[in-house]
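Colleague: Please see the structure below; I have some questions.
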Amino acid sequence: MRSIVLSRLALVSFFAAAYAAGLSAQTVPAADLSDPVKLTPFAVTAEKSAGYKVSSASTATRTNTAIIDIPQSVDIVTKEFWSDIGATTFDQSFKYLANVFVRNRYAGNGDNVSLRGFETAGSISVDGVRMGNNKRDLVGYERLEVVKGPPSAVQGRAGGTGLLNYLLKKPELGSTASSLKYAFNFDEADSAMHRLEFDGNYASAKDSKFAMRVAGSVQDGEDYIKFHEVRSYALYPSFKYQITPRTELVLTSELLSLNTPSREEGHGFAIYPEKARRRISIFNNATDPITALGLPYNFNIAGPGSEDKNKIANATLFFTHQFAKWLDFRQVANIRYFGYDQRYFTGEDNTRIIANSQSQAGNGWRRGQTYQGDLIARYSWNDVFTSMTMVGYSYDDGATADAFYNGVPNAPFNTLNMAAIKAAGNSAAFYSGRVANLPLATSTQNNNYSYGQYVQQDLGFFKNRLLLTGGLRSDRSATGTSSRITGLRTAAAKVTLNSYRYGATFKITPALSIYAVKSVQNDAPANVARYNGLLPGDPRRDEFFSVTPLTELKEFGFKGEALQGRLSFTATYWEMIRVGSTINVLANGVSQGQNVTFGTVSEIPGAQSKGYEITAYGSITDRLAIIANYTDLNTSQGFTGQQNALGWTTASNPGRIPLRFAPDWNANIFLKYSFRDPKAQGWEVKGGVTAIGPLLTQLTGFGLSQIPDGQKSYDVGAGYRWKNYNFDLMVTNLTNDPFLITRDQAPRTYRFSVSATF
């Protein structure tokens, strides 16, 4: 039945757009179908960057649009930059971006990202398709586009505060090339990692209509945190077939087998190294029992056994056809599977050397399919007026199943003594004989489907000097949740949601524009569990509350290009209001007679974020590439009283406090200078610094506490090319200092790689 409905809705969307386009197209001559035309509206293959500059993006508009014409902030990171800094994982993919911070270095089954002070989830897509959050390997990706602000009016349901869209590598016609890279890194914590990457593109001849590409990696080693092992295999095969000059077919896929740490196990703030704890005033004293231990950088109170096993398989088909010079169509179809099996341990208490210990495990799967169709009609009148109308649909059908286990290990491992563990050298032998008591806590299955339809209208006046844009999207979704233990349905909902965006861009000169935008997104009401981490049988597990999220963004600024087009820049001011956000505050307490660490979830009243952001990326000269940005950030939320343990009162904080993990300011700069000759042989040097100002962090048992001082982290490196070989050395966290936002960073790490192109 759904397939019939889907087919009819797709046809309705298709012919409605064709009819609208046909009426408008009467102002221009009919296109000659025998004349080959480049497929420009859809960015199926990512544009090559010049230095670190990319001139167009597809995420903010669903079409390949010049960044200077987009009335919203869009940051782009390319594979060239990832290679320069040695990035390979999710959390490293947005390093050096303005106001984007990872919630957890090891992105679990759905990791959060902080964008402009708001923590957002469900905001990651691949080539415009939301597949659900999971770990990923950057060897298969061309670049990352980050839209800051509500994206749903254009891209469909996502986290209200932004969208991270990864673009996969795709085949290139008329080119045969391959590369191979080996990398080895080690750090101050005596851990080491080996990694092998490959990337090959094959096309039989310059006029070939067929190409294929395969990228992949194999990785094995250790993370800097004690007992954390990493083994991963990634494969990204893709195919392209240019059926006719106007018709193109591209198939991409992602295959991953990962065995990684389930998260940053053991590194709750209680067991950060001494110099990290001294950043917090209440712990920066000789009498604090944990600070006095002088814990090493790689200390892990939880011991061995924390791991996350993932199996990921995705495939996406892109069909693009140009009916005429003014009429383009794209159909996208995706199928996906994600399976996981994880085990992790918790244990932290910021005031004592004896910590509560808890064992948790989970397993489950997620599968789904998505279909998206876009039809674009473009028309003009004597270069005075231009217009582009896009209509489309999106259909998603998916299911998830999970089982969660939670318990307290048997004595003596139900409590862990940090002093004893340190005295034992933090060795695996200390944990010999640990037996976890893990009763089944919950097991559920969720089935869902959704249908969205949208229209976007762009108007250009006076040779596109004035650009107006607007988008409207409506989504209908249905979900049903049942218990896999009892077989009974526990929840069901049908929701209709609407989002909209409108904006304007005025080109002062061809290389300088001013823009303004308003974007509003509402999300489905949700029932949220009040507590997490409690043991089975605890009556507090049945307490829920409801939230109705809504995000509103107002933004204006300047965009432009300088230095003969080598450098792009943006200066913007924004105000964003978010209601329906929640916060999870950890505390130590008793559940079912056992000492546990559990979380209390509450709604953030009236959360707001505003500030200004200045970014620049590209090349200052032909030899000097740069990424630089600065953000002044002002956030606030309703005061809930949870900071009273730190001496804060309603009188001293009358009604408003900043958002957690949102520094007052942040700045990044990365530079690369080339000494290479005209044949691209020789040396290059590179380096960067990322810095943040004061912020509120979260402490187990205390709620929020301020980190009053700014923090900085430095990276330096050098590369040498000889013939077809590249040799590269990168040193990250040069000063070997903590850098705390949501999690600490790794100690000083040395990464050496050698690569060859064929």
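Residue numbering restarts at 1 in every chain; chains get A, B, ... in the order shown in the structure tokens, and ligands count up from 1 in that same order.
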Run DSSP on the backbone and give me the residues of stretch 96-253 of chain A it puts in strand (DSSP E), as number ranges by chain.
Modeller: A: 100-102, 113-115, 118-120, 124-126, 129-130, 141-148, 162-168, 177-187, 192-203, 210-222, 229-244, 247-253
Colleague: So that I can check the surroundings of A:Ala628, please list as a PyMOL selection string every protein, DNA and RNA residue that reaches within 9 Å of it, counting only C-alpha atoms and ignoring chain neighbours fewer than 6 positions away.
Modeller: chain A and resi 96-98+614-617+667-671
Colleague: Sort by chain and increasing residue number a table of all residues of stretch 545-604 of chain A within 12 Å of stretch 334-358 of chain A, each with its closest pair of atoms and their distance in Å to one decimal, counting only C-alpha atoms, and write it as JSON lines.
Modeller:
```
{"residue": "A:Leu586", "atom": "CA", "partner": "A:Glu348", "partner_atom": "CA", "distance": 9.9}
{"residue": "A:Ala587", "atom": "CA", "partner": "A:Asp349", "partner_atom": "CA", "distance": 8.4}
{"residue": "A:Asn588", "atom": "CA", "partner": "A:Asp349", "partner_atom": "CA", "distance": 7.0}
{"residue": "A:Gly589", "atom": "CA", "partner": "A:Asn356", "partner_atom": "CA", "distance": 8.9}
{"residue": "A:Val590", "atom": "CA", "partner": "A:Asn356", "partner_atom": "CA", "distance": 9.9}
{"residue": "A:Ser591", "atom": "CA", "partner": "A:Gln358", "partner_atom": "CA", "distance": 11.2}
{"residue": "A:Gln594", "atom": "CA", "partner": "A:Asn356", "partner_atom": "CA", "distance": 9.0}
{"residue": "A:Asn595", "atom": "CA", "partner": "A:Asn356", "partner_atom": "CA", "distance": 5.8}
{"residue": "A:Val596", "atom": "CA", "partner": "A:Asn356", "partner_atom": "CA", "distance": 5.6}
{"residue": "A:Thr597", "atom": "CA", "partner": "A:Asn356", "partner_atom": "CA", "distance": 6.6}
{"residue": "A:Phe598", "atom": "CA", "partner": "A:Gln358", "partner_atom": "CA", "distance": 9.7}
```
Colleague: What does the file look like for those residues with N, CA and C atoms, as a compact mmCIF listing (two decimals), in the first residue's frame?
Modeller:
```
# COMPACT_ATOMS: atom_id res chain seq x y z
N LEU A 586 24.46 14.48 35.53
CA LEU A 586 24.83 13.25 36.23
C LEU A 586 24.97 13.49 37.72
N ALA A 587 24.57 12.48 38.50
CA ALA A 587 24.70 12.55 39.95
C ALA A 587 24.99 11.15 40.48
N ASN A 588 25.54 11.07 41.67
CA ASN A 588 25.77 9.80 42.34
C ASN A 588 24.66 9.57 43.35
N GLY A 589 24.12 8.36 43.37
CA GLY A 589 23.03 8.07 44.29
C GLY A 589 22.81 6.59 44.44
N VAL A 590 21.64 6.23 44.97
CA VAL A 590 21.31 4.84 45.25
C VAL A 590 20.13 4.42 44.40
N SER A 591 20.23 3.24 43.78
CA SER A 591 19.14 2.66 43.01
C SER A 591 19.05 1.18 43.35
N GLN A 594 21.79 -0.14 45.49
CA GLN A 594 23.16 -0.12 44.98
C GLN A 594 23.57 1.32 44.67
N ASN A 595 24.86 1.63 44.92
CA ASN A 595 25.40 2.94 44.55
C ASN A 595 25.59 2.99 43.03
N VAL A 596 25.00 3.99 42.39
CA VAL A 596 25.10 4.12 40.94
C VAL A 596 25.31 5.59 40.58
N THR A 597 25.79 5.79 39.35
CA THR A 597 25.82 7.12 38.75
C THR A 597 24.67 7.18 37.75
N PHE A 598 23.76 8.13 37.92
CA PHE A 598 22.61 8.19 37.04
C PHE A 598 22.41 9.63 36.55
```
Colleague: Near A:Trp665, counting only C-alpha atoms, which residues have an atom at most 8 Å away, once you skip same-chain residues fewer than 3 positions from it, shown as a ChimeraX atom specification?
Modeller: /A:630-633,692-694
Colleague: Put those residues in a file: C-alpha atoms, as an mmCIF file, in the first residue's frame.
Modeller:
```cif
data_model
loop_
_atom_site.group_PDB
_atom_site.id
_atom_site.type_symbol
_atom_site.label_atom_id
_atom_site.label_comp_id
_atom_site.auth_asym_id
_atom_site.auth_seq_id
_atom_site.Cartn_x
_atom_site.Cartn_y
_atom_site.Cartn_z
ATOM 1 C CA TYR A 630 36.630 33.989 15.248
ATOM 2 C CA THR A 631 33.323 33.758 17.144
ATOM 3 C CA ASP A 632 31.953 35.903 19.951
ATOM 4 C CA LEU A 633 29.225 33.816 21.571
ATOM 5 C CA ILE A 692 38.371 28.931 23.416
ATOM 6 C CA GLY A 693 37.338 31.271 26.211
ATOM 7 C CA PRO A 694 35.633 30.603 29.573
#
```
Colleague: Give me the residues near A:Gly480 as a JSON list (two decimals) with C-alpha atoms, in the first residue's frame, where near means some atom within 10 Å (using only C-alpha atoms) and where sequence neighbours in that chain fewer than 3 positions away do not count.
Modeller:
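Saved the output as around-v5.json:
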```json
[["chain", "number", "residue", "atom", "x", "y", "z"],
["A", 399, "ALA", "CA", 12.73, 0.27, 11.95],
["A", 445, "GLN", "CA", 11.27, -2.06, 18.66],
["A", 446, "ASN", "CA", 10.29, 1.08, 16.78],
["A", 447, "ASN", "CA", 8.70, 1.23, 13.34],
["A", 448, "ASN", "CA", 8.34, 4.52, 11.52],
["A", 449, "TYR", "CA", 7.64, 6.07, 8.18],
["A", 489, "ARG", "CA", 2.70, -1.48, 22.05],
["A", 490, "THR", "CA", 3.92, 1.22, 24.40],
["A", 491, "ALA", "CA", 3.58, 4.34, 22.25],
["A", 492, "ALA", "CA", 2.29, 5.53, 18.88],
["A", 493, "ALA", "CA", 2.04, 8.94, 17.24],
["A", 494, "LYS", "CA", 1.11, 10.65, 13.98]]
```
Colleague: Can you measure atom CA of A:Pro549 to atom CA of A:Lys148 for me? One decimal in Å is fine.
Modeller: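 So the two atoms, atom CA of A:Pro549 and atom CA of A:Lys148, lie 17.0 Å apart.
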Colleague: Skipping near chain neighbours, those fewer than 2 positions away, what residues fall within 12 Å of A:His228 using only C-alpha atoms, listed as a PyMOL selection string?
Modeller: chain A and resi 106+189+191-193+220-226+230-231+259-267+298-300+302-308+344+428
Colleague: Nearest to A:Gly362 among A:Ala607, A:Leu438, A:Leu295, A:Ala419, with distances taken over only C-alpha atoms: which residue is it?
Modeller: A:Leu438
Colleague: Rank A:Gly160, A:Pro273, A:Gly470, A:Gly557 by their smallest atom-to-atom distance to A:Ser73, using only C-alpha atoms, and report the top residue only.
Modeller: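 Between A:Gly160, A:Pro273, A:Gly470, A:Gly557, the residue approaching A:Ser73 most closely is A:Gly557.
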Colleague: Write out as a JSON list (two decimals) with N, CA and C atoms, in the first residue's frame which residues come within 10 Å of A:Ala234 when counting only C-alpha atoms, dropping same-chain ones fewer than 6 positions away.
Modeller:
```
[["chain", "number", "residue", "atom", "x", "y", "z"],
["A", 136, "ARG", "N", 32.13, 6.83, 11.43],
["A", 136, "ARG", "CA", 32.43, 6.87, 10.00],
["A", 136, "ARG", "C", 33.93, 7.03, 9.80],
["A", 137, "ASP", "N", 34.39, 6.68, 8.61],
["A", 137, "ASP", "CA", 35.80, 6.77, 8.25],
["A", 137, "ASP", "C", 35.93, 7.77, 7.12],
["A", 138, "LEU", "N", 36.76, 8.79, 7.29],
["A", 138, "LEU", "CA", 36.83, 9.88, 6.33],
["A", 138, "LEU", "C", 37.50, 9.48, 5.02],
["A", 139, "VAL", "N", 38.08, 8.29, 4.93],
["A", 139, "VAL", "CA", 38.72, 7.88, 3.69],
["A", 139, "VAL", "C", 37.71, 7.83, 2.54],
["A", 140, "GLY", "N", 36.43, 7.67, 2.84],
["A", 140, "GLY", "CA", 35.43, 7.55, 1.80],
["A", 140, "GLY", "C", 34.72, 8.84, 1.45],
["A", 197, "GLU", "N", 45.51, 3.23, 3.87],
["A", 197, "GLU", "CA", 44.43, 3.78, 3.06],
["A", 197, "GLU", "C", 44.69, 3.54, 1.58],
["A", 215, "ALA", "N", 37.53, 3.28, -2.50],
["A", 215, "ALA", "CA", 38.37, 3.81, -1.43],
["A", 215, "ALA", "C", 38.16, 2.95, -0.19],
["A", 216, "GLY", "N", 39.17, 2.88, 0.66],
["A", 216, "GLY", "CA", 39.03, 2.08, 1.85],
["A", 216, "GLY", "C", 40.20, 2.24, 2.79],
["A", 217, "SER", "N", 40.09, 1.59, 3.95],
["A", 217, "SER", "CA", 41.15, 1.67, 4.95],
["A", 217, "SER", "C", 41.12, 0.45, 5.85],
["A", 218, "VAL", "N", 42.26, 0.16, 6.44],
["A", 218, "VAL", "CA", 42.42, -0.85, 7.48],
["A", 218, "VAL", "C", 43.19, -0.19, 8.61],
["A", 219, "GLN", "N", 42.70, -0.32, 9.84],
["A", 219, "GLN", "CA", 43.35, 0.35, 10.97],
["A", 219, "GLN", "C", 43.40, -0.58, 12.16],
["A", 254, "GLU", "N", 28.73, 2.26, 1.26],
["A", 254, "GLU", "CA", 29.59, 2.38, 2.44],
["A", 254, "GLU", "C", 29.49, 1.09, 3.24],
["A", 255, "LEU", "N", 30.63, 0.43, 3.45],
["A", 255, "LEU", "CA", 30.69, -0.84, 4.16],
["A", 255, "LEU", "C", 31.73, -0.71, 5.27],
["A", 256, "LEU", "N", 31.30, -0.85, 6.52],
["A", 256, "LEU", "CA", 32.20, -0.68, 7.65],
["A", 256, "LEU", "C", 32.06, -1.83, 8.62],
["A", 257, "SER", "N", 33.19, -2.29, 9.14],
["A", 257, "SER", "CA", 33.24, -3.24, 10.25],
["A", 257, "SER", "C", 34.19, -2.65, 11.28],
["A", 258, "LEU", "N", 33.63, -2.28, 12.43],
["A", 258, "LEU", "CA", 34.40, -1.51, 13.41],
["A", 258, "LEU", "C", 34.37, -2.18, 14.77],
["A", 312, "ILE", "N", 28.06, -1.72, 9.40],
["A", 312, "ILE", "CA", 27.34, -0.65, 8.71],
["A", 312, "ILE", "C", 27.36, -0.94, 7.21]]
```
Colleague: Mind checking which residues fall within 12 Å of A:Gly710, counting only C-alpha atoms, ignoring those fewer than 3 positions away in the same chain, and posting them as a PyMOL selection string?
Modeller: chain A and resi 279+663-667+690-696+706-707+713+738-741
Colleague: For A:Lys209, which of A:Pro171, A:Gly433, A:Gly122, A:Pro708 is the closest residue, counting only C-alpha atoms?
Modeller: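 So, comparing all the options, the nearest one is A:Pro171.
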Colleague: I need the residue nearest A:Val126 from this list: A:Asn314, A:Asn285, A:Asn522, A:Ser674. Use only C-alpha atoms for the distance.
Modeller: A:Asn314
Colleague: Could you please determine the separation between atom CA of A:Glu172 and atom CA of A:Thr65 in Å, to one decimal place?
Modeller: 20.6 Å
